[in-house]
Structures are given as C-alpha cells and as structure tokens.
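What follows is a short report on a single structure.
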Amino acid sequence: MNERQSQIDAAVSFLSKQGIPNTSLGIILGTGLGALATALKVEKSISYSEIPNFPEATVESHEGKLLYGFLAGQSVLVCQGRFHRYEAYSYFQITFPVRVLQALGVHSLLLSNAAGAINLSFEKAGLMLLSDHLFLQGGSPLAEAGVAELGPRFVDMSQPYDPSWRQQFADLAKSLHIPLYQGVYAAVVGPQLETAAEYRYLKTIGADAVGMSTVPEVIVARQLEMKVLACAVLTDVCDPDNLAPIDIPDIFEQAKKGELRLLELLQNWLQSKRHYELS
C-alpha cells in the first residue's frame with residue numbers, strides 16, 4: 001500500500017474509534033478565525049497532537065483541534081487551525097487534513113482565511129469570496145512522490161470555487177446587508193508581509209487580496225472531487241503608495257469583526273440548505 005495512504009488510513013481509523021462519524025460538510029478555519037468554532041455545538045474535540053500523522057499547528061493564533069458538532073443544525077467537521085508553507089511543512093502535510101476529511105465522508109468543503117486587500121475599493125473587516133486564485137508558493141501539492149496514487153494527477157482548475165455556492169452566498173449577503181466582495185486571491189509563502197513593490201506586482205497580475213494559505217488545500221480538494229467555497233476576511237488594506245508598518249493587534253481586531261459577518265452568513269446559508277444541495 002502507498003505509504004501516504006497508510007498515513008491517512010491510520011488517522012481515519014483513530015478518529016473513527018474516537019467516535020467521529022462520517023460527515024458530508026467540512027470547514028477549515030484560518031488565522032484569527034478560530035473563534036468561529038465557538039458557535040459550534042461541539043460533540044467531539046480532538047487535539048491535532050493526538051491524531052496519528054497530523055502535523056502540529058505552530059502558529060499562535062491557530063488552536064490545532066479537530067471538532068465535530070453541529071452548526072445551524074448541520075453536522076460538520078471543523079479544522080480549527082491549519083498549516084502553512086512557511087512552517088516548513090511539505091505540501092502533503094499542509095493538505096493532510098483535507099485528505100482525512102474526505103476519507104471521513106466530507107465532499108463539501110468551506111475554507112476561511114485572513115488576507116490583505118490589494119483592491120483598494122475593498123474595506124477592512126470586509127469579506128471576499130474567492131472567485132479564482134494565483135498560486136505563488138512554488139511547486140504543487142500534486143507534484144510530490146506518491147500523491148498521484150491518491151487521486152488524478154492532472155486536475156481541472158477551471159472552476160476551483162463552486163459558482164452556484166458563490167451565487168448563493170452573494171444573494172444571502174445582499175439580503176442580510178452584509179458587504180461581500182468577490183475576487184482573486186494570491187497565495188504567497190510568507191511569513192513576511194509584502195513590500196510596496198510586491199503589492200504593485202500582485203495588483204498588476206490580477207490579485208484582489210493576498211495571503212499565505214488556502215490554495216494548496218483547494219487544489220487537493222479538487223483532486224478529490226470535493227465541492228469548494230473559500231472566503232477571506234480582509235484584515236488590512238495594502239496601498240503601496242501609503243504603506244504603513246504592520247499592526248498585528250489591529251489585524252486580529254479586524255479579523256474578529258469580519259468573523260462575525262462570516263459566521264452570520266454561514267449560519268444563514270446552512271439554515272437555508274433545504275433549498276441548496278451541499279453535494
């Protein structure tokens with residue numbers, strides 16, 4: 001058996017023995033957004049450090065827990081904290097939770113992240129649905145040894161973010177008077193933030209926001225034929241002509257504000273799921 005498949009199977013076996021049932025909907029939460037999980041009616045909480053072969057979250061703002069519970073009446077598996085290229089993890093490690101979620105029955109995946117707005121018409125604490133992305137981290141999660149045995153090697157990325165889901169979220173946001181943008185997300189390695197010249201470059205090549213995550217997970221989710229939606233909380237505005245020093249406390253404050261909007265939107269979407277198929 002493929003060694004990597006064995007690692008996935010070991011994690012899934014452990015989680016099943018811990019009482020984690022097959023679940024169709026998965027959520028991966030990013031930087032500063034872990035508190036969204038507090039709205040979850042938690043049935044099971046398992047630290048990443050307990051799960052065989054799971055990496056450990058090294059970022060202070062990431063809890064590092066797998067949660068099973070109910071959000072707006074919908075059963076869901078939540079990864080509270082994710083992994084990044086700048087933590088020196090391989091793409092297989094970064095995307096390992098996606099493969100485990102899929103093996104536990106997840107076929108619909110929602111991802112969130114914190115991002116900087118490059119589009120200067122966007123505002124801090126606003127939400128941006130990813131309509132497309134620019135993958136600028138180098139390599140590919142599908143270009144590692146053994147990964148081709150876990151799914152198709154050549155994966156179509158013409159519509160990585162489900163258009164029907166994006167329309168549903170846009171319609172709901174309008175009805176709830178929640179500002180919601182759509183745009184292109186650039187995934188860079190980090191962890192340093194960009195220079196003014198780099199922000200200008202990213203704008204030139206079509207980016208509306210920039211962050212350090214999400215896209216590797218999306219690529220693997222599409223390899224596994226999962227339905228995907230991703231939303232960025234815009235924590236700062238990156239104006240290269242008026243670039244201020246990084247303000248970490250303000251970034252986390254904006255993340256909290258945006259998270260409340262995202263939570264309201266997500267709960268209403270799940271409550272409306274009788275009209276919208278999750279699969």
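Residues in the structure tokens are numbered from 1 in each chain, the chains being A, B, ... in the order shown, and ligands are numbered from 1 in the order shown.
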**Message:** List the spatial neighbours of Gln267 (chain A) as a PyMOL selection string - criterion: any atom at most 10 Å away, only C-alpha atoms, same-chain residues fewer than 2 positions off excluded.
**Reply:** chain A and resi 39+71-74+262-265+269-273
Residues near Asp236 (chain A), anyone? I mean within 10 Å using only C-alpha atoms, not counting same-chain ones fewer than 2 positions away, as a PDB file with N, CA and C atoms, in the first residue's frame.
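File written: out.pdb
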ATOM      1  N   ALA A 114      -7.510  34.804   6.639  1.00  0.00           N
ATOM      2  CA  ALA A 114      -7.322  36.237   6.791  1.00  0.00           C
ATOM      3  C   ALA A 114      -6.412  36.707   5.665  1.00  0.00           C
ATOM      4  N   ALA A 115      -6.745  37.829   5.045  1.00  0.00           N
ATOM      5  CA  ALA A 115      -5.986  38.285   3.882  1.00  0.00           C
ATOM      6  C   ALA A 115      -5.882  39.798   3.883  1.00  0.00           C
ATOM      7  N   GLY A 116      -4.883  40.288   3.160  1.00  0.00           N
ATOM      8  CA  GLY A 116      -4.728  41.719   2.959  1.00  0.00           C
ATOM      9  C   GLY A 116      -5.380  42.135   1.655  1.00  0.00           C
ATOM     10  N   ALA A 117      -6.107  43.234   1.682  1.00  0.00           N
ATOM     11  CA  ALA A 117      -6.794  43.712   0.484  1.00  0.00           C
ATOM     12  C   ALA A 117      -5.823  44.486  -0.407  1.00  0.00           C
ATOM     13  N   ILE A 118      -5.692  44.037  -1.637  1.00  0.00           N
ATOM     14  CA  ILE A 118      -4.901  44.750  -2.643  1.00  0.00           C
ATOM     15  C   ILE A 118      -5.809  45.658  -3.468  1.00  0.00           C
ATOM     16  N   PHE A 122     -11.839  47.697  -1.612  1.00  0.00           N
ATOM     17  CA  PHE A 122     -12.255  46.814  -0.529  1.00  0.00           C
ATOM     18  C   PHE A 122     -11.936  47.474   0.814  1.00  0.00           C
ATOM     19  N   GLU A 123     -12.730  47.154   1.827  1.00  0.00           N
ATOM     20  CA  GLU A 123     -12.550  47.740   3.144  1.00  0.00           C
ATOM     21  C   GLU A 123     -12.130  46.697   4.170  1.00  0.00           C
ATOM     22  N   LYS A 124     -11.426  47.165   5.198  1.00  0.00           N
ATOM     23  CA  LYS A 124     -11.031  46.281   6.299  1.00  0.00           C
ATOM     24  C   LYS A 124     -12.263  45.694   6.979  1.00  0.00           C
ATOM     25  N   ALA A 125     -12.110  44.443   7.442  1.00  0.00           N
ATOM     26  CA  ALA A 125     -13.178  43.678   8.091  1.00  0.00           C
ATOM     27  C   ALA A 125     -14.250  43.230   7.099  1.00  0.00           C
ATOM     28  N   GLY A 126     -14.036  43.510   5.816  1.00  0.00           N
ATOM     29  CA  GLY A 126     -14.945  43.018   4.800  1.00  0.00           C
ATOM     30  C   GLY A 126     -14.660  41.562   4.463  1.00  0.00           C
ATOM     31  N   ALA A 209      -6.586  40.262  -3.338  1.00  0.00           N
ATOM     32  CA  ALA A 209      -6.197  40.072  -1.945  1.00  0.00           C
ATOM     33  C   ALA A 209      -5.033  39.096  -1.904  1.00  0.00           C
ATOM     34  N   VAL A 233     -11.354  36.961   5.124  1.00  0.00           N
ATOM     35  CA  VAL A 233     -11.652  38.133   5.936  1.00  0.00           C
ATOM     36  C   VAL A 233     -10.514  39.126   5.714  1.00  0.00           C
ATOM     37  N   LEU A 234     -10.852  40.311   5.257  1.00  0.00           N
ATOM     38  CA  LEU A 234      -9.836  41.308   4.890  1.00  0.00           C
ATOM     39  C   LEU A 234      -9.416  42.088   6.128  1.00  0.00           C
ATOM     40  N   CYS A 238      -3.775  47.137   1.605  1.00  0.00           N
ATOM     41  CA  CYS A 238      -2.364  47.206   1.217  1.00  0.00           C
ATOM     42  C   CYS A 238      -2.176  48.212   0.082  1.00  0.00           C
ATOM     43  N   ASP A 239      -2.084  49.469   0.463  1.00  0.00           N
ATOM     44  CA  ASP A 239      -1.904  50.553  -0.502  1.00  0.00           C
ATOM     45  C   ASP A 239      -0.405  50.835  -0.632  1.00  0.00           C
ATOM     46  N   ILE A 246       3.258  47.180   9.760  1.00  0.00           N
ATOM     47  CA  ILE A 246       2.279  46.174  10.157  1.00  0.00           C
ATOM     48  C   ILE A 246       1.789  46.425  11.582  1.00  0.00           C
ATOM     49  N   ASP A 247       0.483  46.283  11.781  1.00  0.00           N
ATOM     50  CA  ASP A 247      -0.144  46.473  13.092  1.00  0.00           C
ATOM     51  C   ASP A 247      -0.868  45.171  13.444  1.00  0.00           C
ATOM     52  N   ILE A 248      -0.159  44.246  14.070  1.00  0.00           N
ATOM     53  CA  ILE A 248      -0.721  42.918  14.354  1.00  0.00           C
ATOM     54  C   ILE A 248      -1.978  42.996  15.208  1.00  0.00           C
ATOM     55  N   ASP A 250      -4.245  45.280  15.359  1.00  0.00           N
ATOM     56  CA  ASP A 250      -5.357  45.741  14.524  1.00  0.00           C
ATOM     57  C   ASP A 250      -5.787  44.660  13.541  1.00  0.00           C
ATOM     58  N   ILE A 251      -4.831  43.897  13.019  1.00  0.00           N
ATOM     59  CA  ILE A 251      -5.162  42.807  12.103  1.00  0.00           C
ATOM     60  C   ILE A 251      -6.080  41.794  12.785  1.00  0.00           C
ATOM     61  N   PHE A 252      -5.748  41.429  14.015  1.00  0.00           N
ATOM     62  CA  PHE A 252      -6.595  40.475  14.740  1.00  0.00           C
ATOM     63  C   PHE A 252      -7.948  41.090  15.096  1.00  0.00           C
ATOM     64  N   GLN A 254      -9.576  43.342  13.267  1.00  0.00           N
ATOM     65  CA  GLN A 254     -10.359  43.327  12.032  1.00  0.00           C
ATOM     66  C   GLN A 254     -10.836  41.905  11.707  1.00  0.00           C
ATOM     67  N   ALA A 255      -9.997  40.926  12.009  1.00  0.00           N
ATOM     68  CA  ALA A 255     -10.389  39.531  11.792  1.00  0.00           C
ATOM     69  C   ALA A 255     -11.613  39.187  12.627  1.00  0.00           C
TER      70      ALA A 255
END
**Message:** From a backbone DSSP assignment, name each residue in region 62-176 of chain A labelled alpha helix (DSSP H), as a PyMOL selection string.
**Reply:** chain A and resi 91-103+163-176
**Nearest to Gln102 (chain A) by atom-to-atom distance, counting only C-alpha atoms, from A:Arg200, A:His177, A:Lys227, A:Lys257** = A:Lys227
**Request:** Using only C-alpha atoms, pick whichever of A:Leu15, A:Ser47, A:Pro216, A:Ser164 has the shortest atom-to-atom distance to His133 (chain A).
**Result:**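 Checking each candidate against His133 (chain A), we get A:Pro216 as the closest.
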**Prompt:** If you run DSSP on the backbone, which residues of region 116-216 of chain A are strand (DSSP E), as a PyMOL selection string?
**Reply:** chain A and resi 116-117+127-135+180-187+209-211
**Message:** For a quick check of understanding, using only C-alpha atoms, which of A:Ala103, A:Ala37, A:Ala11, A:Ile51 has the smallest distance to Tyr68 (chain A)?
**Reply:**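 Checking each candidate against Tyr68 (chain A), we get A:Ala37 as the closest.
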**Message:** Can you pull out the residues contacting region 187-196 of chain A? Cut-off 12 Å, using only C-alpha atoms, and skip same-chain residues under 6 positions away; I want them as number ranges by chain.
**Reply:** A: 59, 83-89, 91, 113-118, 130, 132-139, 202-203, 207-218, 232, 236-248
**Message:** When you look at Thr38 (chain A) with a cut-off of 12 Å (counting only C-alpha atoms), what residues show up, excluding the ones that are within fewer than 5 positions of it in the same chain? I need them as a PyMOL selection string.
**Reply:** chain A and resi 29+33+45+63+67-71+78+80+259-260+263
**Item:** Residue nearest Ser121 (chain A) among A:Gln182, A:Ser158, A:Gln18, A:Thr31 (counting only C-alpha atoms)
**Value:**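 Comparing A:Gln182, A:Ser158, A:Gln18, A:Thr31 against Ser121 (chain A), the winner is A:Gln182.
Of the listed residues (A:Phe54, A:Phe96, A:Tyr181, A:Tyr48), A:Tyr181 comes nearest to Gln167 (chain A); the distances count only C-alpha atoms.
Each of A:Met128, A:Leu150, A:Leu36, A:Val42 was compared to Leu266 (chain A) using only C-alpha atoms, and A:Leu36 turns out to be the nearest.
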**Asked** Which residues come within 12 Å of Ser16 (chain A), counting only C-alpha atoms, excluding same-chain residues fewer than 5 positions away, as a ChimeraX atom specification?
**Response** /A:9-11,21-23,44,46,51,68,100-101,103-105
**Coordinates-based distance that separates CA of Asn2 (chain A) from CA of Ile219 (chain A) (Å, one decimal)** =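 That distance, rounded to one decimal, is 20.3 Å.
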